[in-house]
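Peer 1: Provided below: start-v2.cif, containing mmCIF, C-alpha atoms.
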data_upload
#
loop_
_atom_site.label_atom_id
_atom_site.label_comp_id
_atom_site.auth_asym_id
_atom_site.auth_seq_id
_atom_site.Cartn_x
_atom_site.Cartn_y
_atom_site.Cartn_z
CA MET A 20 0.00 0.00 0.00
CA SER A 21 2.68 2.48 1.07
CA SER A 22 4.52 2.39 -2.28
CA ASN A 23 1.40 3.41 -4.22
CA LEU A 24 -0.33 5.56 -1.63
CA GLU A 25 0.95 8.77 -3.24
CA TYR A 26 -0.68 7.84 -6.58
CA ILE A 27 -4.01 6.99 -4.94
CA LEU A 28 -4.00 10.16 -2.83
CA ALA A 29 -2.99 12.28 -5.81
CA VAL A 30 -5.99 11.04 -7.85
CA TYR A 31 -8.54 11.56 -5.07
CA ILE A 32 -7.17 15.02 -4.21
CA ILE A 33 -7.06 16.12 -7.87
CA ALA A 34 -10.63 14.83 -8.38
CA ALA A 35 -11.93 16.65 -5.29
CA VAL A 36 -10.16 19.93 -6.14
CA LEU A 37 -11.12 19.83 -9.84
CA LEU A 38 -14.81 18.97 -9.37
CA ALA A 39 -15.38 21.15 -6.29
CA GLY A 40 -13.41 23.97 -7.92
CA PHE A 41 -15.47 23.76 -11.12
CA ALA A 42 -18.75 23.82 -9.16
CA ALA A 43 -17.54 26.70 -6.96
CA TRP A 44 -16.34 28.70 -10.00
CA MET A 45 -19.74 28.29 -11.70
CA LYS A 46 -21.57 29.36 -8.50
CA TRP A 47 -19.29 32.40 -8.14
CA ARG A 48 -19.82 33.37 -11.79
CA LEU A 49 -23.59 32.85 -11.43
CA ALA A 50 -23.66 35.22 -8.44
CA GLN A 51 -21.66 37.77 -10.45
CA VAL A 52 -24.06 37.57 -13.44
CA ARG A 53 -27.09 37.77 -11.10
CA ARG A 54 -25.70 40.96 -9.54
CA ALA A 55 -25.10 42.44 -13.00
CA LEU A 56 -28.67 41.53 -14.03
CA GLU A 57 -30.03 43.09 -10.85
CA ARG A 58 -28.27 46.36 -11.71
CA LEU A 59 -29.76 46.38 -15.22
CA ARG A 60 -33.26 45.36 -14.15
CA PRO A 61 -36.00 48.00 -14.42
CA ALA A 62 -37.15 49.51 -11.09
CA GLU A 63 -40.49 47.65 -10.92
CA ASP A 64 -38.71 44.27 -11.30
CA VAL A 65 -36.22 45.11 -8.56
CA GLU A 66 -39.13 45.95 -6.24
CA SER A 67 -40.79 42.60 -6.88
CA ARG A 68 -37.45 40.84 -6.06
CA GLY A 69 -38.22 37.89 -8.21
CA ASP A 70 -37.90 36.70 -11.76
CA PRO A 71 -40.87 38.10 -13.69
CA VAL A 72 -40.64 35.11 -16.05
CA PRO A 73 -39.13 31.77 -14.99
CA LEU A 74 -35.90 30.96 -16.83
CA TRP A 75 -37.29 27.97 -18.67
CA GLU A 76 -40.34 29.97 -19.77
CA GLU A 77 -38.14 32.70 -21.20
CA GLU A 78 -36.54 30.27 -23.63
CA ARG A 79 -39.82 29.10 -25.14
CA MET B 5 -36.41 18.45 -17.92
CA THR B 6 -34.87 21.92 -17.75
CA GLU B 7 -37.43 22.97 -15.16
CA TRP B 8 -36.87 19.78 -13.16
CA LEU B 9 -33.07 20.25 -13.17
CA HIS B 10 -33.47 23.87 -12.06
CA LYS B 11 -35.73 22.93 -9.14
CA MET B 12 -33.73 19.87 -8.12
CA GLU B 13 -30.30 21.58 -8.16
CA PRO B 14 -29.79 21.89 -4.35
CA TRP B 15 -31.07 18.33 -3.79
CA LEU B 16 -28.81 16.94 -6.51
CA GLY B 17 -25.80 18.69 -4.95
CA THR B 18 -26.55 17.25 -1.51
CA LEU B 19 -27.25 13.78 -2.89
CA ALA B 20 -24.04 13.84 -4.95
CA LEU B 21 -22.01 14.79 -1.86
CA ILE B 22 -23.53 11.96 0.21
CA LEU B 23 -23.08 9.36 -2.55
CA LEU B 24 -19.51 10.50 -3.26
CA GLY B 25 -18.63 10.48 0.45
CA ILE B 26 -19.90 6.91 0.93
CA GLY B 27 -18.36 5.80 -2.39
CA THR B 28 -14.94 7.25 -1.51
CA ALA B 29 -14.92 5.56 1.91
CA TRP B 30 -16.07 2.30 0.29
CA GLY B 31 -13.43 2.48 -2.43
CA LEU B 32 -10.56 3.55 -0.18
CA TRP B 33 -11.18 1.43 2.94
CA TRP B 34 -13.97 -1.12 2.78
CA ALA B 35 -13.33 -2.61 -0.69
CA PRO B 36 -10.55 -5.19 -0.86
CA ALA B 37 -7.37 -4.63 -2.88
CA ASP B 38 -7.23 -6.21 -6.33
CA LEU B 39 -5.37 -9.53 -6.53
CA TYR B 40 -3.16 -8.49 -9.47
CA GLN B 41 -3.05 -4.67 -9.35
CA GLY B 42 -2.93 -4.34 -5.57
CA GLU B 43 -3.96 -1.14 -3.80
CA VAL B 44 -3.46 1.10 -6.84
CA GLN B 45 -6.65 -0.38 -8.34
CA ARG B 46 -8.54 1.97 -5.95
CA ILE B 47 -7.85 4.71 -8.51
CA MET B 48 -10.40 2.95 -10.74
CA TYR B 49 -13.25 4.18 -8.50
CA VAL B 50 -12.48 7.70 -9.81
CA HIS B 51 -11.04 6.91 -13.23
CA VAL B 52 -13.78 4.64 -14.61
CA PRO B 53 -16.81 6.80 -13.60
CA SER B 54 -14.98 9.89 -14.96
CA ALA B 55 -14.52 8.11 -18.29
CA TRP B 56 -18.22 7.11 -18.28
CA MET B 57 -19.25 10.73 -17.63
CA ALA B 58 -16.86 11.94 -20.36
CA MET B 59 -18.75 9.75 -22.87
CA LEU B 60 -22.18 10.51 -21.37
CA GLY B 61 -21.39 14.22 -21.67
CA PHE B 62 -20.75 13.88 -25.39
CA ALA B 63 -23.78 11.63 -25.86
CA VAL B 64 -25.98 14.35 -24.28
CA LEU B 65 -24.24 16.96 -26.47
CA PHE B 66 -24.97 14.79 -29.53
CA VAL B 67 -28.67 14.19 -28.72
CA CYS B 68 -29.28 17.83 -27.78
CA SER B 69 -27.55 19.01 -30.98
CA ILE B 70 -29.87 16.81 -33.09
CA LEU B 71 -32.91 18.00 -31.14
CA TYR B 72 -31.81 21.62 -31.53
CA LEU B 73 -31.43 21.33 -35.32
CA TRP B 74 -34.79 19.59 -35.49
CA ARG B 75 -36.89 21.73 -33.11
CA ARG B 76 -34.81 24.97 -32.93
CA HIS B 77 -35.55 25.22 -29.21
CA ALA B 78 -32.93 27.30 -27.33
CA ALA B 79 -33.08 24.96 -24.29
CA PHE B 80 -31.52 22.13 -26.35
CA ASP B 81 -28.67 24.40 -27.41
CA THR B 82 -28.12 25.47 -23.79
CA ALA B 83 -28.11 21.83 -22.64
CA ALA B 84 -25.59 20.88 -25.37
CA HIS B 85 -23.35 23.82 -24.43
CA ALA B 86 -23.59 22.97 -20.70
CA SER B 87 -22.81 19.32 -21.34
CA ALA B 88 -19.66 20.28 -23.28
CA GLY B 89 -18.21 22.17 -20.32
CA VAL B 90 -19.10 19.49 -17.78
CA GLY B 91 -17.97 16.67 -20.10
CA ALA B 92 -14.62 18.37 -20.72
CA VAL B 93 -13.93 18.48 -16.96
CA PHE B 94 -14.74 14.76 -16.59
CA THR B 95 -12.61 13.89 -19.64
CA PHE B 96 -9.68 15.81 -18.17
CA LEU B 97 -10.13 13.93 -14.88
CA ALA B 98 -10.30 10.58 -16.71
CA LEU B 99 -7.06 11.37 -18.58
CA VAL B 100 -5.19 12.58 -15.48
CA SER B 101 -6.36 9.74 -13.21
CA GLY B 102 -5.57 7.21 -15.96
CA ALA B 103 -2.07 8.64 -16.38
CA ILE B 104 -1.42 8.50 -12.62
CA TRP B 105 -2.69 4.89 -12.51
CA GLY B 106 -0.52 4.05 -15.55
CA LYS B 107 2.77 5.00 -13.88
CA PRO B 108 2.82 2.28 -11.16
CA THR B 109 0.94 -0.24 -13.35
CA TRP B 110 2.43 0.16 -16.83
CA GLY B 111 5.58 2.02 -15.84
CA THR B 112 4.62 5.13 -17.82
CA TYR B 113 2.22 8.05 -17.48
CA TRP B 114 1.38 8.07 -21.17
CA THR B 115 1.56 5.82 -24.21
CA TRP B 116 0.03 6.29 -27.66
CA ASP B 117 -2.42 3.46 -27.08
CA ALA B 118 -5.67 3.54 -29.11
CA ARG B 119 -7.95 3.98 -26.05
CA LEU B 120 -5.77 6.72 -24.55
CA THR B 121 -5.32 8.54 -27.85
CA THR B 122 -9.03 8.51 -28.75
CA THR B 123 -9.88 9.76 -25.22
CA ALA B 124 -7.31 12.56 -25.57
CA LEU B 125 -8.97 13.34 -28.92
CA LEU B 126 -12.34 13.53 -27.12
CA PHE B 127 -10.90 16.19 -24.79
CA ILE B 128 -9.60 18.14 -27.80
CA LEU B 129 -13.03 17.83 -29.46
CA TYR B 130 -14.71 19.22 -26.33
CA ILE B 131 -12.28 22.16 -26.28
CA GLY B 132 -12.86 22.67 -30.02
CA TYR B 133 -16.63 22.80 -29.44
CA LEU B 134 -16.24 25.39 -26.66
CA MET B 135 -13.81 27.44 -28.78
CA LEU B 136 -16.17 27.36 -31.75
CA ARG B 137 -18.94 28.75 -29.55
CA ALA B 138 -16.61 31.41 -28.16
CA PHE B 139 -15.33 32.63 -31.53
CA VAL B 140 -18.51 32.85 -33.67
CA ASP B 141 -20.30 36.13 -32.94
CA ASP B 142 -23.55 35.63 -34.85
CA GLU B 143 -25.89 33.69 -32.56
CA GLY B 144 -27.76 31.88 -35.33
CA LYS B 145 -24.55 30.70 -36.99
CA ARG B 146 -22.93 29.84 -33.65
CA THR B 147 -25.74 27.55 -32.48
CA ARG B 148 -26.08 25.89 -35.91
CA PHE B 149 -22.34 25.33 -36.40
CA ALA B 150 -21.99 24.05 -32.83
CA ALA B 151 -24.86 21.58 -33.30
CA VAL B 152 -23.38 20.22 -36.56
CA TYR B 153 -19.93 19.97 -34.90
CA GLY B 154 -21.47 18.14 -31.91
CA ILE B 155 -23.12 15.58 -34.20
CA VAL B 156 -20.02 14.93 -36.34
CA ALA B 157 -17.56 14.86 -33.41
CA PHE B 158 -19.68 12.28 -31.58
CA LEU B 159 -18.18 9.73 -33.95
CA ASP B 160 -15.21 9.56 -31.55
CA VAL B 161 -17.34 8.10 -28.71
CA PRO B 162 -18.09 4.68 -30.30
CA ILE B 163 -14.47 4.61 -31.52
CA ILE B 164 -13.30 5.04 -27.89
CA HIS B 165 -15.59 2.24 -26.77
CA PHE B 166 -14.57 -0.22 -29.49
CA SER B 167 -10.88 0.83 -29.64
CA VAL B 168 -9.90 -1.95 -27.22
CA HIS B 169 -11.52 -4.52 -29.53
CA TRP B 170 -10.45 -3.10 -32.88
CA TRP B 171 -6.77 -2.59 -32.04
CA ARG B 172 -4.19 -4.36 -29.89
CA THR B 173 -4.09 -2.02 -26.92
CA LEU B 174 -2.25 -1.82 -23.63
CA HIS B 175 -5.54 -0.69 -22.08
CA GLN B 176 -7.56 -3.69 -20.93
CA PRO B 177 -10.76 -4.61 -22.83
CA SER B 178 -14.23 -3.97 -21.35
CA SER B 179 -14.64 -5.61 -17.95
CA LEU B 180 -18.34 -4.81 -17.56
CA LEU B 181 -20.10 -4.85 -20.94
CA ARG B 182 -19.16 -8.38 -22.05
CA PRO B 183 -21.41 -11.12 -23.43
CA GLU B 184 -20.06 -13.46 -20.69
CA GLY B 185 -20.96 -10.95 -17.97
CA PRO B 186 -18.75 -8.68 -15.82
CA ALA B 187 -15.17 -9.84 -15.21
CA ILE B 188 -14.97 -8.03 -11.88
CA ALA B 189 -15.49 -9.56 -8.42
CA PRO B 190 -18.68 -8.26 -6.73
CA GLU B 191 -16.62 -6.77 -3.85
CA ILE B 192 -14.99 -4.43 -6.39
CA LEU B 193 -17.89 -4.15 -8.84
CA LEU B 194 -20.41 -2.84 -6.28
CA PRO B 195 -18.35 0.18 -5.10
CA LEU B 196 -17.51 0.89 -8.77
CA LEU B 197 -21.20 0.95 -9.71
CA TRP B 198 -21.92 3.06 -6.61
CA MET B 199 -19.33 5.62 -7.71
CA GLY B 200 -20.83 5.46 -11.21
CA LEU B 201 -24.20 6.44 -9.72
CA ALA B 202 -22.56 9.18 -7.60
CA PHE B 203 -20.83 10.62 -10.68
CA CYS B 204 -24.15 10.50 -12.61
CA VAL B 205 -25.84 12.58 -9.90
CA LEU B 206 -22.82 14.92 -9.82
CA TYR B 207 -23.05 15.28 -13.62
CA LEU B 208 -26.74 16.24 -13.30
CA TYR B 209 -25.92 18.75 -10.55
CA LEU B 210 -23.12 20.36 -12.57
CA MET B 211 -25.44 20.44 -15.61
CA ALA B 212 -28.15 22.18 -13.56
CA VAL B 213 -25.73 24.87 -12.34
CA ARG B 214 -24.10 25.35 -15.74
CA MET B 215 -27.41 25.59 -17.61
CA GLN B 216 -28.56 28.21 -15.15
CA LEU B 217 -25.30 30.11 -15.60
CA LEU B 218 -25.46 29.98 -19.41
CA ARG B 219 -29.08 31.19 -19.42
CA ARG B 220 -28.32 34.06 -17.06
CA GLU B 221 -25.30 35.05 -19.17
CA ARG B 222 -27.53 35.06 -22.25
CA GLN B 223 -30.14 37.13 -20.39
CA LEU B 224 -27.45 39.61 -19.37
CA LEU B 225 -26.18 39.91 -22.93
CA ILE B 226 -29.72 40.52 -24.27
CA ARG B 227 -30.47 43.13 -21.58
CA ARG B 228 -27.21 44.94 -22.29
CA GLU B 229 -28.04 45.00 -26.01
CA VAL B 230 -31.56 46.30 -25.30
CA LEU B 231 -30.13 49.04 -23.08
CA LEU B 232 -27.60 49.99 -25.76
CA HIS B 233 -30.43 50.31 -28.32
CA GLU B 234 -32.52 52.40 -25.94
CA GLN B 235 -29.66 54.86 -25.33
#
As structure tokens, what does this structure read like?

Peer 2:
Amino acid sequence: MSSNLEYILAVYIIAAVLLAGFAAWMKWRLAQVRRALERLRPAEDVESRGDPVPLWEEER
Amino acid sequence: MTEWLHKMEPWLGTLALILLGIGTAWGLWWAPADLYQGEVQRIMYVHVPSAWMAMLGFAVLFVCSILYLWRRHAAFDTAAHASAGVGAVFTFLALVSGAIWGKPTWGTYWTWDARLTTTALLFILYIGYLMLRAFVDDEGKRTRFAAVYGIVAFLDVPIIHFSVHWWRTLHQPSSLLRPEGPAIAPEILLPLLWMGLAFCVLYLYLMAVRMQLLRRERQLLIRREVLLHEQ
């Protein structure tokens, strides 16, 4: 076990960092885009504090 | 489906974390070491599901590209685009974990074996898809070109699968999908399938987040354009 432990640990650490990092980066970017959208939103939409049209509806 | 993914996102994230936590403990401690490979075989609990997700990612990209060209529904294009990003990450992980496993097992990190080369090509195809989307400005052309690219490039996926049968490769042939049944002991097969399920849920979670992000980015772009026109 000891001779190959570094390889096993390396794979599990890389996997955890890569996948968690990718998810965290997307969440951070999503928050950034949401803030930018909030700034551009007309006043009446900001007051309602919600999406006037759900995302999936907007694409139809 | 889009609506379901959007609503289920927090649940998928939690479920993926629980499944991955149990699967990691199972793979690292509870599962026995392989008779021939020894302890290093535990890398397979990350490598194999990553490779499955790499191919699933392109299969989703392929199906959504066909559906987009057929129905011209923006949600299919968004799903294809999201799957490309998520699939590229899994392909990268499959390549890196395979290389690290290869060093103690084969004595080398890399060899120009058919399975390895076609998987590396898959990663390049994913990057090519994302670059194509990034470099074409016209939205109509971008979505159409990307969909056609996604359909044509999918050809690499069956080649990856059959590469171990068509060519003499260092990479072992399929151990699961065989007419004689799986060639893996249940003590190793069960945690592998568990991690496969965990990676599937993780793929769905990452897809949900990425689709949301891509839609919001599109919304932002449209709003900025509308504001520019109004000024």

Peer 1: Hey, what comes out of the PyMOL selection byres ((chain A and resi 20-36) around 7) on this file? Could you write it as a list in words?

Peer 2: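 That selection, the PyMOL selection byres ((chain A and resi 20-36) around 7), comes back as Leu37, Leu38, Ala39 and Gly40 of chain A; Glu43, Val44, Arg46, Ile47, Leu97, Ser101, Ile104 and Trp105 of chain B.
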
Peer 1: Identify all chain B residues at most 8 Å from chain A by counting all atoms listed in the file; ligands do not count. Present them as an MDAnalysis selection string.

Peer 2: chainID B and resid 6:7 42:44 46:47 50 77:79 93 97 100:101 104:105 108 210 213:214 216:217 219:221 223:224 227:228

Peer 1: One decimal, Å: what's the distance from CA of Tyr72 in chain B over to CA of Lys145 in chain B, could you say?

Peer 2: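 Separation between CA of Tyr72 in chain B and CA of Lys145 in chain B: 12.8 Å.
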
Peer 1: Could you list the residues chosen by the PyMOL selection byres ((chain B and resi 124) around 12) in this structure as a count of residues only?

Peer 2: 32

Peer 1: Determine, counting all atoms listed in the file, every residue of protein, DNA or RNA that lies within 10 Å of (-25.9, 14.7, -25.9) in the file coordinates, then give the result as an MDAnalysis selection string.

Peer 2: chainID B and resid 59:71 80 83:85 87:88 154:155 158

Peer 1: Do you know which residues are at most 9 Å from range 196-203 of chain B counting all atoms listed in the file, after dropping those on the same chain fewer than 3 positions away, and could you put them as a count of residues only?

Peer 2: 23

Peer 1: In Å to one decimal, how far is CA of Ala151 in chain B from CA of Arg75 in chain B?

Peer 2: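 Spanning CA of Arg75 in chain B to CA of Ala151 in chain B is a straight-line distance of 12.0 Å.
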
Peer 1: As an exercise, work out the distance from CA of Pro14 in chain B to CA of Tyr209 in chain B in Å and give it to one decimal place.

Peer 2: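 Result for CA of Pro14 in chain B versus CA of Tyr209 in chain B: 8.0 Å, one decimal.
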